[in-house]
Amino acid sequence: MSLLEAEGLTKVYGDGCAVCLDRTGDRAGTNQCPICGSVVACADVDLSVKAGEVLGIVGESGSGKSSVAELLALDAKAGHTDGAVRHANHEGNLLDVDYQTRHELQNGEISLVHQHIRDGLELGFSGGGNVAEKLLSAGWRNYEEIRERVGSLFEATEIPVDRMDDPTSTYSGGMQRRVQIARALANDPNVIILDEPTTGLDVSVQARVLDMFRRVQREEDVAAVVVSHDLGVIRLLADRTLVMRHGRIIESGLTDRVMEDPHHAYTQTLINSVI
Amino acid sequence: MGYVAVKAGEEIIERAADLFEKQRVDGDEATLSVDQIEGQLDRLTAQAMSEAGLYAPRLAALAVKQAQGDTVEAAFLLRAYRSTLERFDETVVADPAEMFATRRVSPAYKDVPGGQILGPTKDYTQRLLDFDLETDHEGDEPDDPTGDWEVDDAEPEELTNVMEVLREEGLVHEPDSEFDGEPTDTTRESVTHPVDRDEVLQELARGETGAVTALGYSALRGYGQVHPTLAEVRVGKLPVKIEHPYTDDEVRVTDIELSESEAVVPVYAKRDDPQFAFGYGLTFGRNERKAIAMTILDASIQLDSTSEPAENPEFVLDVVDGMDSFGFIEHLKLPHYVTFQSILDRIRGIRDRTGVTGTDTADSTDDEADAPEDDADPADREPAPMEANTDD
Amino acid sequence: MTETDSTPNRTAPTDAVDSVDAVDAVLDSLDAGDGLDGYNYAYLDEHTKREVRRSILKAIAIPGHQVPYASRPMPLARGWGTGGIQASLSILGPDDTFKVIDQGSDESVNAANIRRLAGNTADVETTTDTTDADVIQTRHRIPEEVLTDDQILVLQVPITDALRKVDSSDASNRRRHAHKNYGKMWVHLYENVVEYGEINIAARYPTMVGGRYLMDPSPIPRWDVPKLDDADNLFVFAAGREARIYAVPPHTSVEPLAFEDREFQVERFPDQSCRACGSTDTYLTEIETDDGQRHYVCNDTSFCLKRQDNEELPKDHHLDREGVDWGPGTPNNTTADSGGDAE
């Protein structure tokens, strides 16, 4: 039984026209409508995530994977949206909920780790403050308990606890990424969406952050959707994988199968081009 | 002895006022007449009128006299007066094309239909102090320097508005707006953000000249993207018309002197159909720099960004009003000892608890849960900066 | 106001004298009377008063919510109480008695000026006795004596939004209020405790009204904040420059924000008493004398005078009931930490 499901996710930037969807996609070789110029960031995306499972979405820039991540995280942005996102614990299409409900979902069950650190953190707050914000928004009112929880989240995400009260702006990129993950974990979500988790990190740091996330994900048994252009990231974390191109899913399956026996020509190219 | 140690003497207040009066009338020169101010210091009166939002040159001259030349104070007097006036009617929408321009320059083109009319301006004079002015009030009326000009009788040519020329070519992008034809009156409805353009323009028109100029300058100086080309700068008299209460005909009631400016900024909103964005500025009387600064701010605010002050509508509208800024800044002189006592309490409490002062603090606080670590070196802690309580 | 000639050639100096001048001019023209119409009752025109009253009603209906209104230019400068004056003048009637205090004192120049304006234009009795007043306009204090359900307290507010501390944009803050999204304020308090071990806010302490809206109680000291909770009287908060009115109706819950284990604290005056009346249960302010000594005196001057006659006078002496909760120094006060008070 699925925890999170999506049907027909579609996102179009621009005025749109009757043929946008037909004239874009894998066969068309583009995600921009040649008639009206609108960009079909993603279209007809169906997927499902089971509890505790990690789903990977891989593709190059412009493949639509980040748009899908935003839609799953209910991160409302510009553009025209279609389709549905469903969650086991909620009725109806989560894309249609009101501000309040969306906020509650984002603060509770579905967490997003933004690609860009500046979208996820207040650099002026302390690292601990950023994590505390999630707890405070969920109604925690006991200072010592908040401190304790923040401390244990720091430990789980391998951030030095003695840096907890320093401004986030003084943290290294790796530490900032960990703070984002700690925030995402704060209220025990059942699904976390990671959008390009290795952005801005040195290679050695990437490995450690990913290892940390894999450990935490398994310990907490939290489902995850990992979006990345980096096959290595997907291979390390994902149980199942979707491959996207020009806004469409062109291949899906168990990660091992997709990596070892890619069916689609593009997937083959992708895998072969990994250094 | 302070504000409150003495019974609020009407007497004390009167004596203070008398002292000031003495300062003004000390010396044996005759006092300025309102006529003289209206005639010879019309830049001051124009500023007062603009910032008050009330076109009344003679009252403005009076206000300037009463305020001893402080334009914001004069505008304050006029605004307070304006709010007691009954509003009889609204004018017909004024058409700037009807302005009889005594001055019109268009930096965008070398030659324009109707010509570049320099008019009365000091723009190109050399700024040398004229010591003749020290004594020109003695003796007869001063000479009219244009006294022996040969004045042409011909009708002046029609001045085509350069913006119209650009519009006809389809080069000007109309700003997005929900304007439905009825402008909001910001003196009657409180401004809340996001604001529409008619509210922005009203607030800028009544904005304090220094503030509007400084913010407009900031955009040019680099804290913003807008560096416009002026299409038009005009100074002149605009007829003001109403619908006659009985006949419904349009009737001219008066002419008002205005400075107006229009500017274009190349902004390629649509990649395949680049157009100009434009800014507009208008003030009462002669105040070109404010009108031009207004156009910069109008264009900047349309960009609606928070990365530069001039482009942030909330920031600009919050700080340009002269009454608000003057009042709030000067209110800091009012007694604040109640909040200051509270601040002292905080600072002393923290210093006591962290052992900075070394006073015996054990029982004066209830923070058992957070007793300071006695081995922490107090010198390691920075002095506790207070919450910015000066913002009251 | 009549035209040019009848206004005397007063100069326009700065400071409080300015505003006194402006009020003088208004009052003079009232006496002049001929020519144009004199001012309306209570200076403001009926339209304005109606709008202000409507705003007040709306504010009462949504406790703690900031209601915008078109604040009129007044003869006093912005920042000097124009909001409070508009509110007071809109609700005063000729049978009312009006008290004005600034920093707890009736004698302050600005308070006296405002009292004059109202006294003359609204034809009201004025008083310095808190228990006698129907409407009290105040800057930065709530009186020591308990207010009743017959009284309205109008507070002058400089900055209307508690969220201004964490974001300067009103547009963003309005959205936060609409969605009860106060996370940023809580983080601010958390960071406070991290840095100072306690919540380091002096006056303008943020409060939660009716469990729904975050409210800035104006720069009253923490000492006065408990009085807002479940009071018998109406509190009206008015800002002229920022053009907002908000209110706390009687018997509304008002809770200062704090952690369960870092509680709200009022100011402390350990081992201090008022030099004039000996009180140890009132908000004191210190005075530095010429010879370098520091003394404390009651801040609420009118109550202090009463206490000078009767040191034991309780703050609810004028009521039939006993044990009223009216902040520190009253029998049922629930504030955890009160200064050395006589309970």
# chains A, B, ... in the order shown; residues from 1 in each chain; ligands from 1
call {"tool": "select_by_dssp", "arguments": {"residues": "stretch 68-190 of chain C", "states": "strand (DSSP E)", "output": "ChimeraX atom specification"}}
result
/C:68,97-102,125-126,135-139,152-156
call {"tool": "write_last_selection", "arguments": {"atoms": "C-alpha atoms", "output": "mmCIF file, in the first residue's frame"}}
result
data_model
loop_
_atom_site.group_PDB
_atom_site.id
_atom_site.type_symbol
_atom_site.label_atom_id
_atom_site.label_comp_id
_atom_site.auth_asym_id
_atom_site.auth_seq_id
_atom_site.Cartn_x
_atom_site.Cartn_y
_atom_site.Cartn_z
ATOM 1 C CA PRO C 68 -6.363 49.963 9.221
ATOM 2 C CA THR C 97 -14.579 62.712 32.287
ATOM 3 C CA PHE C 98 -11.190 62.464 30.650
ATOM 4 C CA LYS C 99 -7.767 61.722 32.091
ATOM 5 C CA VAL C 100 -4.512 61.909 30.139
ATOM 6 C CA ILE C 101 -1.172 60.571 31.318
ATOM 7 C CA ASP C 102 2.218 60.256 29.738
ATOM 8 C CA GLU C 125 -14.416 67.474 32.411
ATOM 9 C CA THR C 126 -10.854 66.476 32.929
ATOM 10 C CA VAL C 135 -11.841 57.579 29.275
ATOM 11 C CA ILE C 136 -8.140 57.527 30.031
ATOM 12 C CA GLN C 137 -5.600 58.222 27.311
ATOM 13 C CA THR C 138 -2.166 57.013 28.174
ATOM 14 C CA ARG C 139 1.300 56.809 26.760
ATOM 15 C CA ILE C 152 -11.965 52.720 28.520
ATOM 16 C CA LEU C 153 -8.209 52.913 28.350
ATOM 17 C CA VAL C 154 -6.829 54.376 25.107
ATOM 18 C CA LEU C 155 -3.170 53.575 24.622
ATOM 19 C CA GLN C 156 -0.866 55.495 22.282
#
call {"tool": "interface_residues", "arguments": {"of": "chain A", "to": "chain C", "cutoff": "12 Å", "atoms": "only C-alpha atoms", "output": "JSON, numbers by chain"}}
result
{"A": [98, 99, 100, 101, 102, 103, 104, 107, 121, 122, 124, 125, 126, 127, 128, 129, 130, 131, 132, 133, 134, 135, 136, 137, 138, 139, 140, 141, 142, 143, 144, 145, 146, 147, 150, 164, 165, 166, 167]}
call {"tool": "atom_distance", "arguments": {"atom1": "atom CA of C:Pro75", "atom2": "atom CA of B:Ala80"}}
result
6.0 Å
call {"tool": "residues_around", "arguments": {"residues": "C:Pro256", "least_positions_apart": "3", "cutoff": "10 Å", "atoms": "only C-alpha atoms", "output": "PyMOL selection string"}}
result
chain C and resi 205-209+214-217+222+225-226+228-229+253+259+263-265
call {"tool": "write_last_selection", "arguments": {"atoms": "N, CA and C atoms", "output": "PDB file, in the first residue's frame"}}
result
ATOM      1  N   TYR C 205       6.341  43.935  25.108  1.00  0.00           N
ATOM      2  CA  TYR C 205       6.481  42.481  25.201  1.00  0.00           C
ATOM      3  C   TYR C 205       5.373  41.803  24.386  1.00  0.00           C
ATOM      4  N   PRO C 206       5.737  40.874  23.494  1.00  0.00           N
ATOM      5  CA  PRO C 206       4.713  40.288  22.614  1.00  0.00           C
ATOM      6  C   PRO C 206       3.726  39.418  23.393  1.00  0.00           C
ATOM      7  N   THR C 207       2.453  39.562  23.060  1.00  0.00           N
ATOM      8  CA  THR C 207       1.420  38.803  23.762  1.00  0.00           C
ATOM      9  C   THR C 207       0.509  38.118  22.761  1.00  0.00           C
ATOM     10  N   MET C 208      -0.124  37.054  23.220  1.00  0.00           N
ATOM     11  CA  MET C 208      -1.082  36.334  22.388  1.00  0.00           C
ATOM     12  C   MET C 208      -2.471  36.669  22.896  1.00  0.00           C
ATOM     13  N   VAL C 209      -3.300  37.209  22.028  1.00  0.00           N
ATOM     14  CA  VAL C 209      -4.622  37.670  22.437  1.00  0.00           C
ATOM     15  C   VAL C 209      -5.675  36.676  21.999  1.00  0.00           C
ATOM     16  N   LEU C 214      -1.124  37.641  17.620  1.00  0.00           N
ATOM     17  CA  LEU C 214       0.047  38.162  18.309  1.00  0.00           C
ATOM     18  C   LEU C 214      -0.084  39.676  18.354  1.00  0.00           C
ATOM     19  N   MET C 215       0.068  40.239  19.522  1.00  0.00           N
ATOM     20  CA  MET C 215      -0.175  41.672  19.674  1.00  0.00           C
ATOM     21  C   MET C 215       0.988  42.366  20.359  1.00  0.00           C
ATOM     22  N   ASP C 216       1.237  43.574  19.909  1.00  0.00           N
ATOM     23  CA  ASP C 216       2.219  44.426  20.573  1.00  0.00           C
ATOM     24  C   ASP C 216       1.444  45.307  21.541  1.00  0.00           C
ATOM     25  N   PRO C 217       1.681  45.177  22.850  1.00  0.00           N
ATOM     26  CA  PRO C 217       0.846  45.913  23.805  1.00  0.00           C
ATOM     27  C   PRO C 217       1.242  47.375  23.951  1.00  0.00           C
ATOM     28  N   ARG C 222       6.723  45.567  31.325  1.00  0.00           N
ATOM     29  CA  ARG C 222       6.210  44.222  31.578  1.00  0.00           C
ATOM     30  C   ARG C 222       5.299  44.218  32.805  1.00  0.00           C
ATOM     31  N   VAL C 225       1.766  44.374  31.748  1.00  0.00           N
ATOM     32  CA  VAL C 225       1.194  43.407  30.803  1.00  0.00           C
ATOM     33  C   VAL C 225       0.133  42.495  31.443  1.00  0.00           C
ATOM     34  N   PRO C 226       0.349  42.011  32.677  1.00  0.00           N
ATOM     35  CA  PRO C 226      -0.665  41.122  33.272  1.00  0.00           C
ATOM     36  C   PRO C 226      -2.035  41.772  33.422  1.00  0.00           C
ATOM     37  N   LEU C 228      -3.677  43.275  31.270  1.00  0.00           N
ATOM     38  CA  LEU C 228      -4.493  43.131  30.067  1.00  0.00           C
ATOM     39  C   LEU C 228      -5.354  41.879  30.110  1.00  0.00           C
ATOM     40  N   ASP C 229      -4.876  40.871  30.849  1.00  0.00           N
ATOM     41  CA  ASP C 229      -5.552  39.586  30.826  1.00  0.00           C
ATOM     42  C   ASP C 229      -6.825  39.590  31.656  1.00  0.00           C
ATOM     43  N   SER C 253      -8.436  36.742  27.025  1.00  0.00           N
ATOM     44  CA  SER C 253      -7.160  36.223  27.526  1.00  0.00           C
ATOM     45  C   SER C 253      -6.012  36.891  26.784  1.00  0.00           C
ATOM     46  N   PHE C 259       8.333  30.512  27.384  1.00  0.00           N
ATOM     47  CA  PHE C 259       8.446  29.061  27.426  1.00  0.00           C
ATOM     48  C   PHE C 259       7.945  28.572  28.761  1.00  0.00           C
ATOM     49  N   GLU C 263       9.947  31.567  32.119  1.00  0.00           N
ATOM     50  CA  GLU C 263       8.671  32.270  32.214  1.00  0.00           C
ATOM     51  C   GLU C 263       8.803  33.764  32.033  1.00  0.00           C
ATOM     52  N   PHE C 264       7.667  34.377  31.819  1.00  0.00           N
ATOM     53  CA  PHE C 264       7.570  35.833  31.707  1.00  0.00           C
ATOM     54  C   PHE C 264       7.868  36.448  33.077  1.00  0.00           C
ATOM     55  N   GLN C 265       8.694  37.496  33.082  1.00  0.00           N
ATOM     56  CA  GLN C 265       9.040  38.146  34.343  1.00  0.00           C
ATOM     57  C   GLN C 265       8.771  39.639  34.257  1.00  0.00           C
TER      58      GLN C 265
END
call {"tool": "closest_residue", "arguments": {"among": "B:Asp345, B:Asp352, B:Asp42, B:Glu243", "to": "chain C", "atoms": "only C-alpha atoms"}}
result
B:Asp345
call {"tool": "atom_distance", "arguments": {"atom1": "atom CA of C:Asn110", "atom2": "atom CA of C:Asn299"}}
result
16.2 Å
call {"tool": "residues_around", "arguments": {"residues": "stretch 271-287 of chain B", "least_positions_apart": "6", "cutoff": "8 Å", "atoms": "only C-alpha atoms", "output": "PyMOL selection string"}}
result
chain B and resi 42-43+46-47+49-50+55+170-175+201+205-206+235+256-265+293-299
call {"tool": "atom_distance", "arguments": {"atom1": "atom CA of B:Gly119", "atom2": "atom CA of B:Asp143"}}
result
19.3 Å
call {"tool": "residues_around", "arguments": {"residues": "stretch 231-238 of chain A", "least_positions_apart": "2", "cutoff": "8 Å", "atoms": "only C-alpha atoms", "output": "list in words"}}
result
Glu53, Val54, Leu55, Gly56, Ile57, Val58, Leu210, Arg214, Val226, Val227, Ser228, His229, Arg240, Thr241, Thr255, Asp256, Met259, Ile271 and Val274 of chain A
call {"tool": "write_last_selection", "arguments": {"atoms": "C-alpha atoms", "output": "CSV table (one decimal), in the first residue's frame"}}
result
chain,number,residue,atom,x,y,z
A,53,GLU,CA,10.9,3.2,0.7
A,54,VAL,CA,13.3,5.5,-1.2
A,55,LEU,CA,12.3,6.5,-4.7
A,56,GLY,CA,14.9,8.1,-6.9
A,57,ILE,CA,14.3,10.4,-9.8
A,58,VAL,CA,17.2,11.0,-12.1
A,210,LEU,CA,24.6,10.8,1.8
A,214,ARG,CA,21.0,6.7,4.4
A,226,VAL,CA,15.5,11.7,-3.9
A,227,VAL,CA,15.9,13.8,-6.9
A,228,SER,CA,19.3,14.1,-8.5
A,229,HIS,CA,21.2,14.4,-11.8
A,240,ARG,CA,13.4,2.2,-7.1
A,241,THR,CA,14.2,4.7,-9.7
A,255,THR,CA,17.3,0.7,-9.1
A,256,ASP,CA,19.6,-2.3,-9.6
A,259,MET,CA,21.4,0.6,-13.6
A,271,ILE,CA,24.7,5.3,-17.4
A,274,VAL,CA,29.3,8.2,-15.8
call {"tool": "residues_around", "arguments": {"residues": "stretch 302-306 of chain C", "least_positions_apart": "5", "cutoff": "10 Å", "atoms": "only C-alpha atoms", "output": "short mmCIF file (atom, residue, chain, number, x, y, z; two decimals) with N, CA and C atoms, in the first residue's frame"}}
result
data_model
loop_
_atom_site.label_atom_id
_atom_site.label_comp_id
_atom_site.auth_asym_id
_atom_site.auth_seq_id
_atom_site.Cartn_x
_atom_site.Cartn_y
_atom_site.Cartn_z
N ILE C 101 -2.49 60.72 30.69
CA ILE C 101 -1.17 60.57 31.32
C ILE C 101 -0.13 60.20 30.28
N GLY C 104 2.97 57.77 32.88
CA GLY C 104 2.33 57.62 34.18
C GLY C 104 1.98 58.93 34.87
N SER C 105 2.32 60.04 34.23
CA SER C 105 2.11 61.31 34.91
C SER C 105 1.12 62.22 34.19
N ASP C 106 0.23 62.83 34.98
CA ASP C 106 -0.72 63.77 34.41
C ASP C 106 -0.03 65.09 34.05
N GLU C 107 1.11 65.32 34.69
CA GLU C 107 1.74 66.64 34.58
C GLU C 107 2.60 66.80 33.33
N THR C 128 -7.44 64.16 37.20
CA THR C 128 -6.20 63.40 37.37
C THR C 128 -6.47 62.13 38.18
N ASP C 129 -7.70 61.96 38.63
CA ASP C 129 -8.04 60.81 39.46
C ASP C 129 -8.46 59.64 38.57
N THR C 130 -7.64 58.59 38.56
CA THR C 130 -7.92 57.44 37.72
C THR C 130 -9.31 56.87 37.95
N THR C 131 -9.74 56.85 39.21
CA THR C 131 -11.01 56.18 39.49
C THR C 131 -12.22 57.01 39.07
N PRO C 143 -2.53 52.46 34.47
CA PRO C 143 -2.54 52.96 35.85
C PRO C 143 -2.50 51.84 36.90
N GLU C 144 -2.00 52.19 38.06
CA GLU C 144 -1.89 51.22 39.15
C GLU C 144 -3.25 50.82 39.68
N GLU C 145 -4.19 51.77 39.71
CA GLU C 145 -5.52 51.46 40.27
C GLU C 145 -6.35 50.67 39.27
N CYS C 274 9.22 53.66 47.18
CA CYS C 274 9.03 55.01 46.67
C CYS C 274 9.45 56.02 47.73
N ALA C 276 8.61 59.01 47.97
CA ALA C 276 7.56 59.95 48.38
C ALA C 276 6.50 59.30 49.25
N CYS C 277 6.14 58.05 48.91
CA CYS C 277 5.01 57.46 49.65
C CYS C 277 5.36 56.13 50.29
N GLY C 278 6.54 55.60 50.02
CA GLY C 278 6.95 54.36 50.66
C GLY C 278 6.46 53.09 50.01
N SER C 279 5.75 53.18 48.91
CA SER C 279 5.20 51.97 48.28
C SER C 279 6.29 51.03 47.81
N THR C 282 4.47 49.16 43.59
CA THR C 282 4.13 49.89 42.37
C THR C 282 5.34 49.93 41.45
N VAL C 297 10.93 56.58 42.71
CA VAL C 297 9.60 57.11 43.05
C VAL C 297 8.56 56.37 42.24
N GLU C 311 -0.80 55.24 53.27
CA GLU C 311 0.20 54.30 52.78
C GLU C 311 -0.36 52.93 52.44
N GLU C 312 -1.45 52.58 53.09
CA GLU C 312 -1.99 51.23 52.91
C GLU C 312 -3.05 51.15 51.82
N LEU C 313 -3.30 52.24 51.15
CA LEU C 313 -4.41 52.27 50.20
C LEU C 313 -4.27 51.16 49.14
N LYS C 315 -5.05 48.95 45.70
CA LYS C 315 -5.27 49.40 44.33
C LYS C 315 -6.72 49.25 43.91
#
call {"tool": "decode", "arguments": {"residues": "stretch 124-199 of chain A", "atoms": "C-alpha atoms", "output": "short mmCIF file (atom, residue, chain, number, x, y, z; two decimals), in the first residue's frame"}}
result
data_model
loop_
_atom_site.label_atom_id
_atom_site.label_comp_id
_atom_site.auth_asym_id
_atom_site.auth_seq_id
_atom_site.Cartn_x
_atom_site.Cartn_y
_atom_site.Cartn_z
CA GLY A 124 20.61 34.89 10.42
CA PHE A 125 19.29 32.38 12.94
CA SER A 126 21.55 29.95 14.73
CA GLY A 127 21.76 26.43 13.37
CA GLY A 128 19.82 25.22 16.37
CA GLY A 129 17.31 28.00 15.85
CA ASN A 130 16.58 26.81 12.34
CA VAL A 131 15.79 23.36 13.61
CA ALA A 132 13.94 24.72 16.63
CA GLU A 133 11.68 26.64 14.29
CA LYS A 134 10.10 23.42 13.11
CA LEU A 135 9.46 22.33 16.66
CA LEU A 136 8.17 25.71 17.72
CA SER A 137 5.81 25.85 14.76
CA ALA A 138 4.50 22.45 15.82
CA GLY A 139 3.76 23.84 19.29
CA TRP A 140 6.73 22.84 21.42
CA ARG A 141 6.92 25.24 24.35
CA ASN A 142 9.43 23.80 26.75
CA TYR A 143 12.86 25.31 26.23
CA GLU A 144 14.90 22.48 27.69
CA GLU A 145 12.97 19.87 25.74
CA ILE A 146 13.49 21.85 22.57
CA ARG A 147 17.20 22.06 23.28
CA GLU A 148 17.38 18.37 23.88
CA ARG A 149 15.58 17.44 20.70
CA VAL A 150 17.66 19.88 18.65
CA GLY A 151 20.78 18.41 20.20
CA SER A 152 19.82 14.87 19.31
CA LEU A 153 18.91 15.89 15.78
CA PHE A 154 22.30 17.51 15.47
CA GLU A 155 23.91 14.29 16.60
CA ALA A 156 21.87 12.21 14.22
CA THR A 157 22.88 14.41 11.31
CA GLU A 158 26.46 14.56 12.51
CA ILE A 159 26.68 18.30 13.12
CA PRO A 160 28.96 19.25 16.02
CA VAL A 161 26.62 20.06 18.88
CA ASP A 162 28.87 22.80 20.18
CA ARG A 163 28.15 24.78 17.01
CA MET A 164 24.43 24.69 17.70
CA ASP A 165 24.22 28.32 18.78
CA ASP A 166 26.39 29.79 16.07
CA PRO A 167 24.74 31.68 13.24
CA THR A 168 23.97 29.40 10.33
CA SER A 169 25.85 31.78 8.07
CA THR A 170 29.07 30.64 9.76
CA TYR A 171 28.49 26.99 8.91
CA SER A 172 30.19 25.21 6.05
CA GLY A 173 28.09 24.09 3.11
CA GLY A 174 28.05 20.54 4.37
CA MET A 175 26.89 21.61 7.79
CA GLN A 176 24.17 23.76 6.31
CA ARG A 177 22.93 20.83 4.29
CA ARG A 178 22.87 18.73 7.45
CA VAL A 179 20.86 21.42 9.22
CA GLN A 180 18.34 21.24 6.42
CA ILE A 181 18.09 17.51 6.91
CA ALA A 182 17.80 17.92 10.66
CA ARG A 183 14.95 20.37 10.10
CA ALA A 184 13.27 17.96 7.77
CA LEU A 185 13.43 15.25 10.42
CA ALA A 186 12.38 17.41 13.35
CA ASN A 187 8.69 16.56 13.43
CA ASP A 188 9.00 12.91 12.46
CA PRO A 189 7.68 13.11 8.93
CA ASN A 190 6.76 9.96 7.08
CA VAL A 191 8.19 11.16 3.79
CA ILE A 192 11.14 13.43 3.01
CA ILE A 193 11.82 14.90 -0.39
CA LEU A 194 15.45 15.61 -1.17
CA ASP A 195 16.01 17.92 -4.09
CA GLU A 196 19.57 17.59 -5.39
CA PRO A 197 21.07 16.94 -1.97
CA THR A 198 24.64 17.19 -3.15
CA THR A 199 24.40 20.68 -4.62
#
